[in-house]
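*Asks:* Input input_36.pdb, format and content: PDB, C-alpha atoms and all ligand atoms.
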ATOM      1  CA  MET L 260     -94.328 -67.713  25.177
ATOM      2  CA  SER L 261     -95.487 -64.599  26.978
ATOM      3  CA  ARG L 262     -93.526 -61.467  26.334
ATOM      4  CA  ARG L 263     -94.253 -58.378  28.394
ATOM      5  CA  THR L 264     -94.966 -55.379  26.200
ATOM      6  CA  LEU L 265     -92.368 -52.598  26.277
ATOM      7  CA  ILE L 266     -93.367 -49.047  25.438
ATOM      8  CA  ALA L 267     -90.136 -47.108  24.875
ATOM      9  CA  GLY L 268     -89.788 -43.387  24.229
ATOM     10  CA  ASN L 269     -86.886 -41.978  22.253
ATOM     11  CA  TRP L 270     -86.796 -38.249  22.955
ATOM     12  CA  LYS L 271     -83.970 -37.704  20.429
ATOM     13  CA  MET L 272     -82.462 -34.189  20.687
ATOM     14  CA  ASN L 273     -85.417 -32.744  22.584
ATOM     15  CA  GLY L 274     -85.862 -31.578  26.146
ATOM     16  CA  MET L 275     -84.458 -28.915  28.442
ATOM     17  CA  SER L 276     -84.382 -29.340  32.203
ATOM     18  CA  PHE L 277     -87.676 -27.549  32.786
ATOM     19  CA  ASP L 278     -89.772 -29.546  30.340
ATOM     20  CA  GLY L 279     -87.821 -32.812  30.263
ATOM     21  CA  ILE L 280     -88.128 -33.499  33.961
ATOM     22  CA  ALA L 281     -91.815 -32.546  33.882
ATOM     23  CA  LEU L 282     -92.346 -34.959  30.999
ATOM     24  CA  ALA L 283     -90.620 -37.805  32.819
ATOM     25  CA  LYS L 284     -92.545 -37.109  36.018
ATOM     26  CA  GLY L 285     -95.781 -36.889  34.063
ATOM     27  CA  VAL L 286     -95.284 -40.391  32.684
ATOM     28  CA  ALA L 287     -94.247 -41.724  36.106
ATOM     29  CA  ASN L 288     -97.388 -40.211  37.633
ATOM     30  CA  LYS L 289     -99.570 -41.957  35.069
ATOM     31  CA  ILE L 290     -97.971 -45.279  35.954
ATOM     32  CA  LYS L 291     -98.439 -44.597  39.656
ATOM     33  CA  ALA L 292    -102.075 -43.619  39.225
ATOM     34  CA  ALA L 293    -102.734 -46.750  37.162
ATOM     35  CA  GLY L 294    -101.297 -49.036  39.835
ATOM     36  CA  ASP L 295    -100.064 -52.245  38.225
ATOM     37  CA  THR L 296     -99.623 -51.950  34.469
ATOM     38  CA  SER L 297     -99.480 -54.915  32.127
ATOM     39  CA  PHE L 298     -96.619 -53.323  30.207
ATOM     40  CA  ASP L 299     -93.142 -51.891  30.879
ATOM     41  CA  MET L 300     -92.188 -48.323  30.048
ATOM     42  CA  LEU L 301     -88.819 -46.832  29.197
ATOM     43  CA  ILE L 302     -87.793 -43.282  28.356
ATOM     44  CA  CYS L 303     -84.555 -42.323  26.637
ATOM     45  CA  PRO L 304     -83.844 -38.617  27.191
ATOM     46  CA  PRO L 305     -80.795 -36.821  25.770
ATOM     47  CA  TYR L 306     -77.545 -37.311  27.724
ATOM     48  CA  THR L 307     -77.893 -33.932  29.419
ATOM     49  CA  LEU L 308     -81.085 -34.966  31.207
ATOM     50  CA  ILE L 309     -80.346 -38.570  32.146
ATOM     51  CA  SER L 310     -79.030 -37.871  35.658
ATOM     52  CA  SER L 311     -81.775 -35.489  36.624
ATOM     53  CA  VAL L 312     -84.515 -37.629  35.085
ATOM     54  CA  ALA L 313     -83.157 -40.750  36.822
ATOM     55  CA  ALA L 314     -83.146 -38.862  40.147
ATOM     56  CA  ALA L 315     -86.680 -37.600  39.569
ATOM     57  CA  LEU L 316     -87.859 -41.134  38.831
ATOM     58  CA  SER L 317     -86.331 -42.763  41.876
ATOM     59  CA  GLY L 318     -88.766 -45.432  43.096
ATOM     60  CA  SER L 319     -90.746 -45.454  39.833
ATOM     61  CA  PRO L 320     -90.887 -48.571  37.632
ATOM     62  CA  LEU L 321     -90.325 -46.281  34.622
ATOM     63  CA  SER L 322     -86.885 -47.173  33.255
ATOM     64  CA  VAL L 323     -84.340 -44.712  31.910
ATOM     65  CA  GLY L 324     -82.125 -45.331  28.925
ATOM     66  CA  ALA L 325     -79.731 -43.495  26.621
ATOM     67  CA  GLN L 326     -79.903 -43.076  22.866
ATOM     68  CA  ASP L 327     -76.394 -44.243  22.015
ATOM     69  CA  CYS L 328     -73.039 -45.204  23.540
ATOM     70  CA  HIS L 329     -69.441 -45.567  22.398
ATOM     71  CA  THR L 330     -67.799 -48.869  21.470
ATOM     72  CA  GLU L 331     -65.038 -48.422  24.073
ATOM     73  CA  GLU L 332     -65.156 -48.302  27.848
ATOM     74  CA  ASN L 333     -63.099 -45.093  28.139
ATOM     75  CA  GLY L 334     -60.183 -43.298  26.495
ATOM     76  CA  PRO L 335     -59.349 -40.554  24.022
ATOM     77  CA  HIS L 336     -62.779 -40.097  22.430
ATOM     78  CA  THR L 337     -63.636 -36.437  22.714
ATOM     79  CA  GLY L 338     -67.317 -35.807  23.056
ATOM     80  CA  ASP L 339     -68.281 -39.454  23.428
ATOM     81  CA  ILE L 340     -70.033 -41.263  26.270
ATOM     82  CA  SER L 341     -69.391 -44.861  27.295
ATOM     83  CA  ALA L 342     -71.874 -47.517  28.327
ATOM     84  CA  SER L 343     -70.400 -47.706  31.825
ATOM     85  CA  MET L 344     -70.869 -43.938  32.241
ATOM     86  CA  LEU L 345     -74.519 -44.376  31.314
ATOM     87  CA  LYS L 346     -74.918 -47.195  33.779
ATOM     88  CA  ASP L 347     -73.225 -45.033  36.404
ATOM     89  CA  ILE L 348     -75.831 -42.269  36.090
ATOM     90  CA  GLY L 349     -78.887 -44.469  36.258
ATOM     91  CA  CYS L 350     -79.510 -45.969  32.823
ATOM     92  CA  SER L 351     -80.672 -49.540  32.501
ATOM     93  CA  PHE L 352     -81.049 -49.453  28.702
ATOM     94  CA  VAL L 353     -79.295 -47.961  25.711
ATOM     95  CA  ILE L 354     -80.541 -47.693  22.141
ATOM     96  CA  VAL L 355     -77.926 -48.731  19.570
ATOM     97  CA  GLY L 356     -78.044 -48.606  15.791
ATOM     98  CA  HIS L 357     -80.860 -46.104  15.445
ATOM     99  CA  SER L 358     -81.191 -45.228  11.778
ATOM    100  CA  GLU L 359     -80.339 -41.602  12.538
ATOM    101  CA  ARG L 360     -77.004 -42.793  13.950
ATOM    102  CA  ARG L 361     -76.510 -45.192  11.044
ATOM    103  CA  SER L 362     -77.144 -42.473   8.455
ATOM    104  CA  ASN L 363     -75.761 -39.355  10.201
ATOM    105  CA  TYR L 364     -72.611 -41.020  11.566
ATOM    106  CA  GLY L 365     -72.070 -43.841   9.100
ATOM    107  CA  GLU L 366     -72.584 -46.505  11.760
ATOM    108  CA  ASN L 367     -72.565 -49.946  10.200
ATOM    109  CA  ASP L 368     -73.638 -53.286  11.629
ATOM    110  CA  ALA L 369     -70.138 -54.024  12.956
ATOM    111  CA  LYS L 370     -70.130 -50.800  14.944
ATOM    112  CA  VAL L 371     -73.639 -51.409  16.255
ATOM    113  CA  LEU L 372     -72.577 -54.913  17.284
ATOM    114  CA  SER L 373     -69.583 -53.529  19.223
ATOM    115  CA  LYS L 374     -71.816 -51.043  20.992
ATOM    116  CA  ALA L 375     -74.348 -53.731  21.890
ATOM    117  CA  LYS L 376     -71.587 -55.991  23.212
ATOM    118  CA  ILE L 377     -69.985 -53.397  25.444
ATOM    119  CA  ALA L 378     -73.377 -52.226  26.700
ATOM    120  CA  ASN L 379     -74.316 -55.781  27.687
ATOM    121  CA  SER L 380     -70.906 -56.336  29.250
ATOM    122  CA  VAL L 381     -71.430 -53.455  31.700
ATOM    123  CA  GLY L 382     -74.943 -54.595  32.524
ATOM    124  CA  LEU L 383     -77.034 -52.402  30.238
ATOM    125  CA  ASN L 384     -79.882 -53.788  28.186
ATOM    126  CA  THR L 385     -79.916 -52.785  24.552
ATOM    127  CA  VAL L 386     -82.583 -51.760  22.103
ATOM    128  CA  ILE L 387     -80.962 -52.697  18.790
ATOM    129  CA  CYS L 388     -82.573 -50.860  15.873
ATOM    130  CA  ILE L 389     -82.849 -52.208  12.359
ATOM    131  CA  GLY L 390     -84.952 -51.273   9.339
ATOM    132  CA  GLU L 391     -84.867 -50.651   5.621
ATOM    133  CA  THR L 392     -84.654 -47.335   3.778
ATOM    134  CA  GLU L 393     -87.314 -46.291   1.331
ATOM    135  CA  THR L 394     -85.074 -47.176  -1.629
ATOM    136  CA  GLU L 395     -84.506 -50.642  -0.210
ATOM    137  CA  ARG L 396     -88.233 -51.079   0.308
ATOM    138  CA  ASP L 397     -88.987 -49.928  -3.233
ATOM    139  CA  SER L 398     -86.566 -52.506  -4.584
ATOM    140  CA  SER L 399     -88.158 -55.275  -2.476
ATOM    141  CA  GLU L 400     -85.044 -55.613  -0.345
ATOM    142  CA  THR L 401     -86.713 -55.231   3.049
ATOM    143  CA  ILE L 402     -86.420 -58.865   4.112
ATOM    144  CA  ASN L 403     -82.801 -59.217   2.977
ATOM    145  CA  VAL L 404     -81.853 -55.969   4.705
ATOM    146  CA  VAL L 405     -83.355 -56.844   8.079
ATOM    147  CA  LYS L 406     -81.925 -60.367   7.959
ATOM    148  CA  ALA L 407     -78.439 -59.001   7.331
ATOM    149  CA  GLN L 408     -78.849 -56.396  10.068
ATOM    150  CA  ILE L 409     -79.870 -59.073  12.575
ATOM    151  CA  LEU L 410     -76.879 -61.214  11.631
ATOM    152  CA  GLY L 411     -74.504 -58.258  11.787
ATOM    153  CA  SER L 412     -75.774 -56.209  14.736
ATOM    154  CA  VAL L 413     -77.064 -58.660  17.331
ATOM    155  CA  PRO L 414     -74.415 -60.247  19.587
ATOM    156  CA  ASP L 415     -74.283 -64.064  19.753
ATOM    157  CA  SER L 416     -74.605 -63.665  23.511
ATOM    158  CA  ALA L 417     -77.902 -61.746  23.272
ATOM    159  CA  THR L 418     -80.649 -62.950  25.592
ATOM    160  CA  ALA L 419     -84.277 -62.044  26.081
ATOM    161  CA  LYS L 420     -83.244 -60.189  29.218
ATOM    162  CA  ASN L 421     -80.444 -58.031  27.853
ATOM    163  CA  THR L 422     -81.699 -57.398  24.318
ATOM    164  CA  VAL L 423     -84.724 -55.892  22.614
ATOM    165  CA  VAL L 424     -84.871 -55.529  18.835
ATOM    166  CA  ALA L 425     -86.711 -52.593  17.270
ATOM    167  CA  TYR L 426     -87.844 -52.766  13.660
ATOM    168  CA  GLU L 427     -88.028 -49.212  12.394
ATOM    169  CA  PRO L 428     -88.543 -48.728   8.657
ATOM    170  CA  VAL L 429     -86.466 -45.607   8.010
ATOM    171  CA  TRP L 430     -89.130 -44.117   5.741
ATOM    172  CA  ALA L 431     -91.726 -44.381   8.517
ATOM    173  CA  ILE L 432     -89.730 -42.450  11.127
ATOM    174  CA  GLY L 433     -91.237 -39.042  11.794
ATOM    175  CA  THR L 434     -93.207 -39.098   8.545
ATOM    176  CA  GLY L 435     -96.676 -40.143   9.679
ATOM    177  CA  ARG L 436     -96.434 -43.114   7.288
ATOM    178  CA  THR L 437     -96.422 -46.707   8.466
ATOM    179  CA  PRO L 438     -96.320 -50.083   6.760
ATOM    180  CA  THR L 439     -99.588 -52.024   6.769
ATOM    181  CA  ASN L 440    -100.185 -54.248   9.766
ATOM    182  CA  ASP L 441     -99.634 -57.281   7.544
ATOM    183  CA  GLU L 442     -96.283 -55.934   6.407
ATOM    184  CA  VAL L 443     -95.195 -55.252   9.990
ATOM    185  CA  GLN L 444     -96.205 -58.729  11.140
ATOM    186  CA  LYS L 445     -94.444 -60.336   8.177
ATOM    187  CA  VAL L 446     -91.165 -58.525   8.853
ATOM    188  CA  HIS L 447     -91.353 -59.214  12.590
ATOM    189  CA  ALA L 448     -91.910 -62.921  11.929
ATOM    190  CA  VAL L 449     -88.831 -62.934   9.684
ATOM    191  CA  ILE L 450     -86.818 -61.139  12.367
ATOM    192  CA  ARG L 451     -87.854 -63.720  14.921
ATOM    193  CA  SER L 452     -86.917 -66.619  12.690
ATOM    194  CA  GLN L 453     -83.587 -64.994  11.913
ATOM    195  CA  LEU L 454     -82.986 -64.566  15.633
ATOM    196  CA  ALA L 455     -83.838 -68.248  16.088
ATOM    197  CA  LEU L 456     -81.105 -69.216  13.611
ATOM    198  CA  LYS L 457     -78.632 -67.076  15.491
ATOM    199  CA  LEU L 458     -79.675 -67.533  19.123
ATOM    200  CA  GLY L 459     -81.854 -70.622  19.191
ATOM    201  CA  ALA L 460     -85.629 -70.887  19.243
ATOM    202  CA  ASP L 461     -86.107 -70.390  22.974
ATOM    203  CA  THR L 462     -84.276 -67.080  23.060
ATOM    204  CA  ALA L 463     -85.868 -65.905  19.825
ATOM    205  CA  ASN L 464     -89.326 -66.681  21.149
ATOM    206  CA  SER L 465     -88.648 -64.714  24.324
ATOM    207  CA  ILE L 466     -86.960 -61.619  22.849
ATOM    208  CA  ARG L 467     -89.165 -58.565  22.609
ATOM    209  CA  LEU L 468     -89.548 -57.083  19.143
ATOM    210  CA  LEU L 469     -90.672 -53.457  19.038
ATOM    211  CA  TYR L 470     -92.141 -51.656  16.074
ATOM    212  CA  GLY L 471     -91.041 -48.030  15.583
ATOM    213  CA  GLY L 472     -91.908 -45.354  13.041
ATOM    214  CA  SER L 473     -94.838 -42.956  13.446
ATOM    215  CA  MET L 474     -96.512 -44.985  16.150
ATOM    216  CA  ASN L 475     -99.238 -42.888  17.765
ATOM    217  CA  PRO L 476    -102.331 -43.375  19.928
ATOM    218  CA  GLU L 477    -104.461 -43.960  16.816
ATOM    219  CA  ASN L 478    -102.454 -46.764  15.224
ATOM    220  CA  ALA L 479    -100.850 -48.291  18.333
ATOM    221  CA  LYS L 480    -103.631 -50.621  19.357
ATOM    222  CA  GLU L 481    -103.622 -52.558  16.097
ATOM    223  CA  LEU L 482     -99.847 -52.607  15.793
ATOM    224  CA  LEU L 483     -99.446 -53.815  19.364
ATOM    225  CA  SER L 484    -101.947 -56.597  18.849
ATOM    226  CA  LEU L 485     -99.903 -58.209  16.050
ATOM    227  CA  PRO L 486     -98.548 -61.572  17.222
ATOM    228  CA  ASP L 487     -94.855 -60.698  16.841
ATOM    229  CA  VAL L 488     -95.024 -57.071  17.963
ATOM    230  CA  ASP L 489     -94.115 -56.798  21.642
ATOM    231  CA  GLY L 490     -94.057 -53.052  22.030
ATOM    232  CA  GLY L 491     -93.125 -49.791  20.402
ATOM    233  CA  LEU L 492     -90.176 -47.445  20.050
ATOM    234  CA  ILE L 493     -91.786 -44.052  19.907
ATOM    235  CA  GLY L 494     -90.222 -40.739  18.937
ATOM    236  CA  GLY L 495     -92.551 -37.778  18.440
ATOM    237  CA  ALA L 496     -95.481 -39.104  20.451
ATOM    238  CA  SER L 497     -93.222 -39.870  23.428
ATOM    239  CA  LEU L 498     -92.752 -36.129  23.953
ATOM    240  CA  ARG L 499     -96.382 -35.747  25.031
ATOM    241  CA  VAL L 500     -97.377 -37.452  28.283
ATOM    242  CA  ASN L 501    -100.948 -38.185  27.240
ATOM    243  CA  ASP L 502    -100.032 -39.573  23.826
ATOM    244  CA  PHE L 503     -97.214 -41.730  25.181
ATOM    245  CA  TRP L 504     -99.438 -43.041  27.926
ATOM    246  CA  ALA L 505    -102.329 -43.653  25.532
ATOM    247  CA  ILE L 506    -100.054 -45.851  23.430
ATOM    248  CA  GLY L 507     -99.313 -47.985  26.479
ATOM    249  CA  GLU L 508    -102.956 -48.132  27.407
ATOM    250  CA  GLY L 509    -103.671 -49.445  23.910
ATOM    251  CA  CYS L 510    -101.742 -52.616  24.702
ATOM    252  CA  PRO L 511    -103.914 -55.677  24.278
TER     253      PRO L 511
HETATM  254  P1  LIG R 601     -91.208 -41.432  15.414
HETATM  255  O1  LIG R 601     -89.715 -41.898  15.726
HETATM  256  O2  LIG R 601     -92.121 -42.138  16.386
HETATM  257  O3  LIG R 601     -91.195 -39.944  15.623
HETATM  258  O4  LIG R 601     -91.509 -41.814  14.009
HETATM  259  C1  LIG R 601     -89.425 -43.231  16.065
HETATM  260  C2  LIG R 601     -87.944 -43.402  16.262
HETATM  261  O5  LIG R 601     -87.154 -42.795  15.533
HETATM  262  O6  LIG R 601     -87.517 -44.168  17.138
END
Go through the file and emit its structure as structure tokens.
*Replies:*
Amino acid sequence: MSRRTLIAGNWKMNGMSFDGIALAKGVANKIKAAGDTSFDMLICPPYTLISSVAAALSGSPLSVGAQDCHTEENGPHTGDISASMLKDIGCSFVIVGHSERRSNYGENDAKVLSKAKIANSVGLNTVICIGETETERDSSETINVVKAQILGSVPDSATAKNTVVAYEPVWAIGTGRTPTNDEVQKVHAVIRSQLALKLGADTANSIRLLYGGSMNPENAKELLSLPDVDGGLIGGASLRVNDFWAIGEGCP
């Protein structure tokens, strides 16, 4: 089953118009200069930059996504943004269930599931994030945690086209620490078999599983060559054109 690698950048709360648009254009220019790439690329700027980045990328194969969406289509939700609004301004993807949303806003699997469902229903693809905390890892709970998160956060209607799953150990995000390659492969294999129970083997074998957490140009090549790793969700290194591009170029 061939799965096309996805290199996704999560800019988090970074980027003003002057540097954000330059960053997006810098990545698009790399893709253009390379001609055909063997991998897909996605950037997820903050809400404030999505429209202008999408306009700047018109005609580029570089996709634009958001970092979160609301569970409802519209209504009295001050300060929130719906999936259809994101679609309207040029997003094709939205990240849901990032651990920073889960911990800072108390988002549980049920909420992440609702977000994924509404995003898919308006035609957005989702990057559904899961991953254990350091305490859970230390108590050997990693496998149980990711299994439960898959069961609770991934819609029954998920397909390989509308869904990507990102395994991001919380303790590896922004810390410079990563699990060993063996650990990553083991967890990804468990995620895929859990997806098979939920969605059937064909879908599970076609869904892209990203690794996220301190991925950088130095460690990307090995991580991306693991059999069940189909790309990366990259925070810090996605804010530098050359580093983000180098990660993609490291694809096997
Ligand atoms: P990081 O972030 O690459 O800076 O560790 C990854 C993420 O949070 O998606």
*Asks:* So which residues are near ligand LIG 601 (chain R), meaning at most 8 Å away with only C-alpha atoms and all ligand atoms counted, given back as JSON, numbers by chain?
*Replies:* {"L": [268, 269, 271, 357, 358, 359, 427, 431, 432, 433, 434, 435, 471, 472, 473, 474, 475, 492, 493, 494, 495, 496, 497]}
*Asks:* At most 8 Å from (-84.1, -49.0, 29.7), file frame, all atoms listed in the file: which residues, as a list in words?
*Replies:*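 Using all atoms listed in the file, the matching residues come out as Ala267, Leu301, Ile302, Cys303, Ser322, Val323, Gly324, Ala325, Cys350, Ser351, Phe352, Val353, Leu383, Asn384 and Thr385 of chain L.
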*Asks:* Any chance you could resolve the PyMOL selection byres (((chain L and resi 315) around 8) and not hetatm) against this file and give the residues as a PyMOL selection string?
*Replies:* chain L and resi 280+283-284+311-314+316-317
*Asks:* Quick one: axis-aligned box around all listed atoms of region 299-306 of chain L, 3 Å on every side, centre and edge lengths in Å to one decimal, written as JSON.
*Replies:*
{"center_x": -85.3, "center_y": -44.4, "center_z": 28.3, "size_x": 21.6, "size_y": 21.1, "size_z": 11.1}
*Asks:* Selected by the PyMOL selection byres (((chain L and resi 394-399) around 12) and not hetatm) in the shown coordinates: which residues, as a PyMOL selection string?
*Replies:* chain L and resi 390-393+400-405+428-431+438+442+446
*Asks:* Please write as a compact mmCIF listing (two decimals) with C-alpha atoms, keeping the file's coordinate frame the full residue list that the PyMOL selection byres (((chain L and resi 378) around 9) and not hetatm) yields on this file.
*Replies:*
# COMPACT_ATOMS: atom_id res chain seq x y z
CA CYS L 328 -73.04 -45.20 23.54
CA HIS L 329 -69.44 -45.57 22.40
CA THR L 330 -67.80 -48.87 21.47
CA SER L 341 -69.39 -44.86 27.30
CA ALA L 342 -71.87 -47.52 28.33
CA SER L 343 -70.40 -47.71 31.82
CA LYS L 346 -74.92 -47.20 33.78
CA PHE L 352 -81.05 -49.45 28.70
CA VAL L 353 -79.30 -47.96 25.71
CA SER L 373 -69.58 -53.53 19.22
CA LYS L 374 -71.82 -51.04 20.99
CA ALA L 375 -74.35 -53.73 21.89
CA LYS L 376 -71.59 -55.99 23.21
CA ILE L 377 -69.98 -53.40 25.44
CA ASN L 379 -74.32 -55.78 27.69
CA SER L 380 -70.91 -56.34 29.25
CA VAL L 381 -71.43 -53.46 31.70
CA GLY L 382 -74.94 -54.60 32.52
CA LEU L 383 -77.03 -52.40 30.24
CA ASN L 384 -79.88 -53.79 28.19
CA THR L 385 -79.92 -52.78 24.55
*Asks:* Of the candidates L:Asn367, L:Thr337, L:Thr264, L:Ser416, which shows the shortest atom-to-atom distance to Gly491 (chain L), using all atoms listed in the file?
*Replies:*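 Of L:Asn367, L:Thr337, L:Thr264, L:Ser416, the one nearest Gly491 (chain L) is L:Thr264, counting all atoms listed in the file.
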*Asks:* Could you get me a file of region 294-305 of chain L with N, CA, C and O atoms, as a PDB file, in the first residue's frame, taken from the block above?
*Replies:*
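To be explicit, this is the file written out as selection_32.pdb:
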ATOM      1  N   GLY L 294      10.542  21.178  -8.915  1.00  0.00           N
ATOM      2  CA  GLY L 294       9.697  20.499  -9.901  1.00  0.00           C
ATOM      3  C   GLY L 294       8.810  19.513  -9.161  1.00  0.00           C
ATOM      4  O   GLY L 294       8.321  19.825  -8.088  1.00  0.00           O
ATOM      5  N   ASP L 295       8.661  18.323  -9.672  1.00  0.00           N
ATOM      6  CA  ASP L 295       7.817  17.323  -9.013  1.00  0.00           C
ATOM      7  C   ASP L 295       8.461  16.854  -7.715  1.00  0.00           C
ATOM      8  O   ASP L 295       9.615  16.452  -7.719  1.00  0.00           O
ATOM      9  N   THR L 296       7.727  16.884  -6.622  1.00  0.00           N
ATOM     10  CA  THR L 296       8.257  16.299  -5.388  1.00  0.00           C
ATOM     11  C   THR L 296       7.554  14.963  -5.154  1.00  0.00           C
ATOM     12  O   THR L 296       6.436  14.752  -5.620  1.00  0.00           O
ATOM     13  N   SER L 297       8.218  14.114  -4.375  1.00  0.00           N
ATOM     14  CA  SER L 297       7.609  12.807  -4.093  1.00  0.00           C
ATOM     15  C   SER L 297       6.774  12.875  -2.826  1.00  0.00           C
ATOM     16  O   SER L 297       6.323  11.861  -2.316  1.00  0.00           O
ATOM     17  N   PHE L 298       6.620  14.070  -2.279  1.00  0.00           N
ATOM     18  CA  PHE L 298       5.881  14.213  -1.020  1.00  0.00           C
ATOM     19  C   PHE L 298       4.962  15.427  -1.103  1.00  0.00           C
ATOM     20  O   PHE L 298       5.175  16.327  -1.912  1.00  0.00           O
ATOM     21  N   ASP L 299       3.921  15.451  -0.251  1.00  0.00           N
ATOM     22  CA  ASP L 299       3.014  16.588  -0.160  1.00  0.00           C
ATOM     23  C   ASP L 299       3.477  17.498   0.976  1.00  0.00           C
ATOM     24  O   ASP L 299       4.072  17.022   1.957  1.00  0.00           O
ATOM     25  N   MET L 300       3.158  18.771   0.844  1.00  0.00           N
ATOM     26  CA  MET L 300       3.482  19.709   1.931  1.00  0.00           C
ATOM     27  C   MET L 300       2.246  20.519   2.307  1.00  0.00           C
ATOM     28  O   MET L 300       1.430  20.871   1.453  1.00  0.00           O
ATOM     29  N   LEU L 301       2.174  20.810   3.589  1.00  0.00           N
ATOM     30  CA  LEU L 301       1.039  21.545   4.157  1.00  0.00           C
ATOM     31  C   LEU L 301       1.592  22.518   5.183  1.00  0.00           C
ATOM     32  O   LEU L 301       2.491  22.153   5.947  1.00  0.00           O
ATOM     33  N   ILE L 302       1.080  23.747   5.183  1.00  0.00           N
ATOM     34  CA  ILE L 302       1.436  24.663   6.274  1.00  0.00           C
ATOM     35  C   ILE L 302       0.168  25.125   6.978  1.00  0.00           C
ATOM     36  O   ILE L 302      -0.863  25.335   6.345  1.00  0.00           O
ATOM     37  N   CYS L 303       0.260  25.247   8.285  1.00  0.00           N
ATOM     38  CA  CYS L 303      -0.890  25.668   9.091  1.00  0.00           C
ATOM     39  C   CYS L 303      -0.517  26.935   9.859  1.00  0.00           C
ATOM     40  O   CYS L 303      -0.023  26.877  10.985  1.00  0.00           O
ATOM     41  N   PRO L 304      -0.731  28.098   9.235  1.00  0.00           N
ATOM     42  CA  PRO L 304      -0.428  29.368   9.894  1.00  0.00           C
ATOM     43  C   PRO L 304      -1.509  29.699  10.935  1.00  0.00           C
ATOM     44  O   PRO L 304      -2.555  29.042  10.964  1.00  0.00           O
ATOM     45  N   PRO L 305      -1.287  30.732  11.729  1.00  0.00           N
ATOM     46  CA  PRO L 305      -2.361  31.189  12.630  1.00  0.00           C
ATOM     47  C   PRO L 305      -3.522  31.747  11.798  1.00  0.00           C
ATOM     48  O   PRO L 305      -3.335  32.122  10.637  1.00  0.00           O
TER      49      PRO L 305
END
